[in-house]
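Each remark here refers to the structure printed beneath this line.
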Amino acid sequence: MACCTASLFRTLPRVVLFAAVLLGLGAAGLVQAVDDANLSVERIAGDGWTAHDIAIDWDLPERASATIGKLRLNAIAQELHDVRVVCPRLELSVRAIACERARVTANLPGLGAQTFTAGLIYGRSDGSLSWRVEAAKQRASVEALVAVAKRLRLPIPAVDATGSVILSGAAAGTAGEVHSATFDVELIELTLSNEAGSIATDKLSARVQGTARKSRGDWQFDVDVSSAQGQAYMQPIFLDFGAHALRANAAGRLRDTRELTIERFSFDHAHVAQGKGRAGLDLANEQPVRSLTLQLASVEFPGAYESYLQPLLLDTNFKSMQTAGKLAGEATIEDGAPRSLDLTLEEITLDDGSKNFAIEALTGAVHWRSDAAANSDDLPSALSWRSGAIFGLAMGTTELRFASKGRQFRLLQPARIPLLDGALALESFRVRNAGLPSVAFMVDATLEPIDVKRVCQAFGWPEFGGRVGGTLSKLRMRDGVVTLGTTLRAQVFDGHVSLSDLQLQQPFGQWPRFYSNVAFDGLDLELMTGAFSFGRITGRLSGRFDGLRLFNWAPVAFDAKLFTPPGDRSRHRINQRAVENIGSIGGGGAGVAAALSSGFMRFFDDFNYERLGLSCRLENDVCAMDGVAPAPSGGYYLVKGRGLPRIDVIGSSRRVDWPRLVRQLIDATKSGGPTVQ
């Protein structure tokens with residue numbers, strides 16, 4: 001709507017200029033002895049204008065008026081009707097003709113009759129014209145202004161809009177040039193939207209006031225904007241001015257329609273943010289902000305999250321966070337690039353409500369300098385928090401001291417982050433090329449033993465015992481690939497598990513790829529099968545997953561072997577349900593079920609076994625199966641019985657569809673038992 005009101009202000013001086021020339025020239029040609037006179041002209045044309053049906057009346061020496069039936073100004077490609085200029089007191093002298101308070105009315109296309117006041121001074125010797133125009137409370141509907149903008153072919157978005165605009169202001173200049181202006185524009189219950197839905201307002205009321213003055217080719221300006229009613233959305237930012245009123249001011253200069261210097265600005269977004277600063281913009285540049293000094297007196301949460309951050313996070317897991325606290329600081333931009341950032345954080349709390357990410361009472365100071373900042377050493381930063389959680393893992397009180405410069409980050413001293421009942425002890429942590437595809441990091445840390453049962457509770461897994469810990473020495477990321485230079489070890493199910501040769505490609509991409517070799521030794525099968533409701537098995541289990549490869553965290557390849565370790569002297573027993581579940585995996589489930597339900601076998605709940613195990617080489621969604629030993633008729637033993645009561649579980653399928661096998665394993669852990677296929 002501002003473009004339409006600006007067009008109105010450009011039109012009025014031209015109307016006044018034309019009418020004043022008629023009055024001045026006509027009066028200059030009369031002798032003062034004539035008391036009154038009138039003049040009618042059918043048509044007059046000049047450079048950029050044409051007028052029809054002109055009537056001029058003089059009641060000298062004071063009063064004069066002019067009426068123009070139709071006036072066309074080429075500059076606005078519009079035809080004005082019923083233009084009338086009335087001068088209640090016309091001042092005549094040898095040097096000039098002047099009218100202090102001329103009243104001008106004009107019927108503007110689409111806007112109807114408009115009235116304003118003008119002051120005019122016409123130089124009789126040199127033909128110069130100085131003028132001043134004042135408009136008070138000119139009201140127009142937004143629909144009419146949009147229609148005018150379309151007729152004038154002004155570059156405004158295609159929108160549907162309702163509401164009103166009240167315009168007051170003044171402009172002064174000479175001949176056809178504007179030298180200064182004041183304006184006061186009120187938007188009343190403006191509701192608009194575009195077809196794409198990227199711009200919208202709802203009952204927005206706002207006020208824009210300001211002054212502009214031309215000086216040595218530049219325009220000096222001072223503008224105030226305020227709003228305390230309605231809502232505005234410009235993708236992706238949504239602002240509710242009824243909840244958070246806004247007042248802002250800016251002053252500066254505009255040169256050559258592209259170089260905008262904001263010498264000072266300030267804003268007060270109630271309960272959201274307050275600040276001030278200065279800026280330089282190149283409006284013809286794709287990235288217009290060339291320089292900026294921003295001083296943030298306060299940024300308050302949750303207001304800042306709801307107004308500035310939440311709209312940017314609607315497609316993420318952080319779209320409905322609970323927030324609190326505040327921050328302050330200063331940021332600078334030079335030559336179009338960030339130069340420095342200094343922030344002070346005070347008791348900031350962030351919580352996504354699902355325990356995937358939470359932090360309480362984040363406090364401290366962050367200092368950052370660009371690589372180009374002259375004489376800038378690494379300024380130490382410090383952050384601490386009282387508690388938090390990440391991916392459901394509870395974190396305790398922590399303090400981090402670090403330095404950041406350019407795209408680099410480094411930990412200045414070792415830090416300990418309490419994690420569940422253990423901790424992550426960081427010895428060193430460095431990041432290079434942050435924000436670039438070539439980002440790299442280096443970590444040396446120790447994972448102090450954590451209760452596996454608590455990890456299972458955090459992730460919603462079946463609960464089992466043990467502890468996980470180890471050294472994370474030489475954890476690196478280069479060229480988008482994460483590697484671990486050591487072996488990560490864990491103690492679970494009263495045995496040991498180790499991960500070696502770990503590699504993770506595209507960790508932050510859409511399709512991460514994970515590689516590792518996994519070995520386990522002496523796992524207690526009774527603890528393991530009890531945790532997963534598989535049926536009861538006693539004894540120990542060892543094995544390996546060589547060449548484990550996950551795509552988007554789903555297995556696509558491995559060579560797995562699971563077996564009773566040689567020399568295991570623990571008691572080997574297996575119950576009926578476990579027998580059925582193992583039989584279904586190897587394709588012999590129907591035979592196992594029949595054997596268990598007939599003859600004397602049905603009277604036993606548990607059976608002895610000598611050893612058990614299986615192997616699976618996964619490739620192209622097919623698992624090549626084998627057992628612990630060959631069995632008659634080309635099968636293989638999954639469970640080789642011993643003594644009495646004894647049962648053998650023999651697999652018959654050598655090639656098993658992997659997705660079907662996964663479904664069978666899932667069914668096997670459910671209370672209803674396996675689905676035999």
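Just remember, in the structure tokens the first chain shown is A, the second B, etc., residues are 1-based per chain, and ligands are 1-based in the order shown.
Per DSSP on the backbone, alpha helix (DSSP H) in segment 37-165 of chain A comprises A:Val142, A:Glu143, A:Ala144, A:Leu145, A:Val146, A:Ala147, A:Val148, A:Ala149, A:Lys150, A:Arg151.
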Quick one: write out the picked residues with C-alpha atoms as a PDB file, in the first residue's frame?
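What ended up in again_1.pdb:
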ATOM      1  CA  VAL A 142      -7.066  -0.758   0.379  1.00  0.00           C
ATOM      2  CA  GLU A 143      -9.032  -2.296  -2.487  1.00  0.00           C
ATOM      3  CA  ALA A 144      -9.025   1.068  -4.277  1.00  0.00           C
ATOM      4  CA  LEU A 145      -5.289   1.522  -3.730  1.00  0.00           C
ATOM      5  CA  VAL A 146      -4.598  -1.957  -5.120  1.00  0.00           C
ATOM      6  CA  ALA A 147      -6.691  -1.115  -8.176  1.00  0.00           C
ATOM      7  CA  VAL A 148      -4.760   2.141  -8.665  1.00  0.00           C
ATOM      8  CA  ALA A 149      -1.465   0.273  -8.351  1.00  0.00           C
ATOM      9  CA  LYS A 150      -2.539  -2.185 -11.035  1.00  0.00           C
ATOM     10  CA  ARG A 151      -3.561   0.631 -13.389  1.00  0.00           C
TER      11      ARG A 151
END
Which residues are close to His179 of chain A, i.e. within 9 Å by only C-alpha atoms, leaving aside same-chain residues fewer than 2 positions away? Reply as a ChimeraX atom specification. /A:171-174,177,181,212-215,219
Would you kindly return, as a PyMOL selection string, each protein, DNA or RNA residue with an atom no farther than 6 Å from any atom of Trp385 of chain A, considering only C-alpha atoms and excluding same-chain residues fewer than 3 positions away? chain A and resi 360-362+397-398
What's the 6 Å shell around Gly466 of chain A, counting only C-alpha atoms, without same-chain residues fewer than 6 positions away, as number ranges by chain? A: 452, 491-493
Selection from above, N, CA and C atoms, as a PDB file, in the first residue's frame, can you write it?
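Once everything was written out, this is again.pdb:
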ATOM      1  N   VAL A 452      23.913 -50.176  31.050  1.00  0.00           N
ATOM      2  CA  VAL A 452      23.197 -50.446  29.803  1.00  0.00           C
ATOM      3  C   VAL A 452      21.693 -50.446  30.024  1.00  0.00           C
ATOM      4  N   GLN A 491      30.442 -54.091  28.149  1.00  0.00           N
ATOM      5  CA  GLN A 491      30.166 -55.299  28.919  1.00  0.00           C
ATOM      6  C   GLN A 491      28.654 -55.447  29.025  1.00  0.00           C
ATOM      7  N   VAL A 492      28.107 -56.454  28.343  1.00  0.00           N
ATOM      8  CA  VAL A 492      26.665 -56.684  28.351  1.00  0.00           C
ATOM      9  C   VAL A 492      26.406 -58.173  28.484  1.00  0.00           C
ATOM     10  N   PHE A 493      25.272 -58.516  29.099  1.00  0.00           N
ATOM     11  CA  PHE A 493      24.868 -59.910  29.296  1.00  0.00           C
ATOM     12  C   PHE A 493      26.003 -60.750  29.894  1.00  0.00           C
TER      13      PHE A 493
END
DSSP on the backbone, then: every residue of segment 92-226 of chain A marked strand (DSSP E), written as a short mmCIF file (atom, residue, chain, number, x, y, z; two decimals) with C-alpha atoms, in the first residue's frame.
data_model
loop_
_atom_site.label_atom_id
_atom_site.label_comp_id
_atom_site.auth_asym_id
_atom_site.auth_seq_id
_atom_site.Cartn_x
_atom_site.Cartn_y
_atom_site.Cartn_z
CA LEU A 92 0.97 40.34 -6.00
CA ALA A 96 6.46 37.46 -7.36
CA ILE A 97 2.93 36.20 -7.19
CA ALA A 98 2.22 34.11 -4.08
CA CYS A 99 -0.61 32.24 -2.44
CA GLU A 100 -0.01 31.05 1.11
CA ARG A 101 -2.99 28.73 1.66
CA ALA A 102 -4.44 27.58 -1.66
CA ARG A 103 -7.12 24.91 -1.40
CA VAL A 104 -6.85 22.19 -4.05
CA THR A 105 -9.41 19.46 -4.80
CA ALA A 106 -9.09 16.76 -7.42
CA ASN A 107 -10.98 13.62 -8.35
CA LEU A 108 -8.24 10.98 -8.45
CA GLY A 112 -12.41 9.70 -5.53
CA ALA A 113 -12.35 13.33 -4.40
CA GLN A 114 -9.24 14.37 -2.47
CA THR A 115 -8.56 17.74 -0.84
CA PHE A 116 -5.27 19.30 0.18
CA THR A 117 -3.66 22.65 0.88
CA ALA A 118 -0.86 24.24 -1.10
CA GLY A 119 1.48 27.20 -0.76
CA LEU A 120 2.76 28.76 -4.03
CA ILE A 121 5.34 31.41 -4.98
CA TYR A 122 5.73 32.25 -8.66
CA GLY A 123 8.72 34.39 -9.76
CA LEU A 129 7.92 28.22 -8.92
CA SER A 130 8.25 27.18 -5.26
CA TRP A 131 5.47 25.17 -3.72
CA ARG A 132 4.35 23.27 -0.65
CA VAL A 133 1.51 20.74 -0.49
CA GLU A 134 -0.25 19.48 2.65
CA ALA A 135 -2.74 16.63 2.82
CA ALA A 136 -4.63 15.87 6.05
CA LYS A 137 -6.47 12.65 6.78
CA GLN A 138 -6.93 11.52 3.20
CA ARG A 139 -8.75 8.19 3.51
CA ALA A 140 -8.92 5.44 0.92
CA SER A 141 -9.82 1.77 0.89
CA VAL A 159 -2.74 -9.84 -3.52
CA ASP A 160 -6.33 -9.88 -2.30
CA ALA A 161 -6.74 -7.19 0.35
CA THR A 162 -9.24 -5.37 2.51
CA GLY A 163 -8.86 -2.52 4.97
CA SER A 164 -8.28 1.22 4.95
CA VAL A 165 -5.41 3.69 4.67
CA ILE A 166 -5.39 7.21 6.14
CA LEU A 167 -2.73 9.48 4.69
CA SER A 168 -1.47 12.77 6.03
CA GLY A 169 1.63 14.61 5.01
CA ALA A 170 3.32 17.45 3.23
CA ALA A 171 5.77 17.95 0.39
CA ALA A 172 7.74 20.98 -0.75
CA GLY A 173 9.82 21.69 -3.82
CA THR A 174 10.50 23.85 -6.85
CA GLU A 177 11.11 18.49 -8.10
CA VAL A 178 10.34 17.45 -4.53
CA HIS A 179 12.89 18.77 -2.01
CA SER A 180 11.36 17.61 1.27
CA ALA A 181 8.38 15.66 2.58
CA THR A 182 6.70 14.54 5.77
CA PHE A 183 4.25 11.66 5.88
CA ASP A 184 1.94 9.90 8.30
CA VAL A 185 0.34 6.69 6.99
CA GLU A 186 -2.12 4.66 9.05
CA LEU A 187 -3.04 1.11 8.04
CA ILE A 188 -6.37 0.09 9.55
CA GLU A 189 -7.31 -3.61 9.85
CA LEU A 190 -5.35 -4.59 6.78
CA THR A 191 -6.09 -8.18 5.75
CA LEU A 192 -4.29 -9.44 2.66
CA SER A 193 -2.90 -12.61 1.13
CA ASN A 194 -1.23 -13.71 -2.05
CA ILE A 199 2.46 -13.25 2.39
CA ALA A 200 -0.53 -12.61 4.63
CA THR A 201 -1.85 -10.24 7.27
CA ASP A 202 -4.91 -10.43 9.49
CA LYS A 203 -6.53 -7.22 10.77
CA LEU A 204 -3.16 -5.51 10.90
CA SER A 205 -3.13 -1.94 12.09
CA ALA A 206 0.12 -0.01 11.87
CA ARG A 207 1.45 3.53 11.58
CA VAL A 208 4.36 4.80 9.51
CA GLN A 209 5.59 8.34 10.14
CA GLY A 210 8.62 10.12 8.83
CA THR A 211 10.43 12.89 7.04
CA ALA A 212 12.58 13.01 3.91
CA ARG A 213 14.83 15.81 2.65
CA LYS A 214 16.97 16.09 -0.44
CA SER A 215 20.53 17.28 0.14
CA ASP A 218 20.99 12.33 -1.47
CA TRP A 219 17.73 11.78 0.33
CA GLN A 220 17.97 12.14 4.11
CA PHE A 221 15.19 10.29 5.95
CA ASP A 222 13.85 9.57 9.42
CA VAL A 223 11.09 6.96 9.76
CA ASP A 224 9.07 5.56 12.70
CA VAL A 225 7.01 2.35 12.44
CA SER A 226 4.67 1.04 15.12
#
Taken to one decimal, the atom CA of Ile390 of chain A-atom CA of Lys355 of chain A distance is 6.6 Å
Which neighbours of segment 435-442 of chain A fall inside 6 Å, counting only C-alpha atoms, when residues of the same chain fewer than 5 positions from it are skipped, and could you give them as a VMD selection string? chain A and resid 429 to 430 475 to 479
Keeping only C-alpha atoms, write the selected residues to a file as a PDB file, in the first residue's frame.
ATOM      1  CA  PHE A 429      37.719 -31.550  20.520  1.00  0.00           C
ATOM      2  CA  ARG A 430      38.409 -29.590  17.337  1.00  0.00           C
ATOM      3  CA  LEU A 475      37.441 -40.220  16.509  1.00  0.00           C
ATOM      4  CA  ARG A 476      37.712 -38.221  13.306  1.00  0.00           C
ATOM      5  CA  MET A 477      35.616 -36.873  10.469  1.00  0.00           C
ATOM      6  CA  ARG A 478      37.227 -35.926   7.156  1.00  0.00           C
ATOM      7  CA  ASP A 479      35.563 -35.510   3.773  1.00  0.00           C
TER       8      ASP A 479
END
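Proximity to Val579 of chain A at 8 Å, evaluated using only C-alpha atoms and with sequence-adjacent residues fewer than 4 positions away removed, yields Gly535, Ile574, Asn575, Gly583, Val592 and Val649 of chain A.
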Just checking: using only C-alpha atoms, which residue out of A:Val639, A:Ala251, A:Val497, A:Ala304 ends up closest to Arg573 of chain A? A:Val639
Kindly provide the residues of segment 233-255 of chain A that approach segment 276-283 of chain A to within 12 Å, each paired with its closest atom pair and their distance in Å to one decimal, based on only C-alpha atoms, listed by chain and increasing number, as a Markdown table.
| residue | atom | partner | partner_atom | distance |
| --- | --- | --- | --- | --- |
| A:Arg247 | CA | A:Lys276 | CA | 11.8 |
| A:Ala248 | CA | A:Lys276 | CA | 9.4 |
| A:Asn249 | CA | A:Lys276 | CA | 9.2 |
| A:Ala250 | CA | A:Arg278 | CA | 8.8 |
| A:Ala251 | CA | A:Arg278 | CA | 9.1 |
| A:Gly252 | CA | A:Arg278 | CA | 9.0 |
| A:Arg253 | CA | A:Gly280 | CA | 9.8 |
| A:Leu254 | CA | A:Leu281 | CA | 9.6 |
| A:Arg255 | CA | A:Asp282 | CA | 9.9 |
Do you have the atom CA of Arg611 of chain A-atom CA of Gly641 of chain A distance handy? 7.3 Å
Segment 621-635 of chain A: which residues within 7 Å, counting only C-alpha atoms, same-chain residues fewer than 4 positions away excluded, as a PyMOL selection string? chain A and resi 556+563+612-617+650-652+654-658
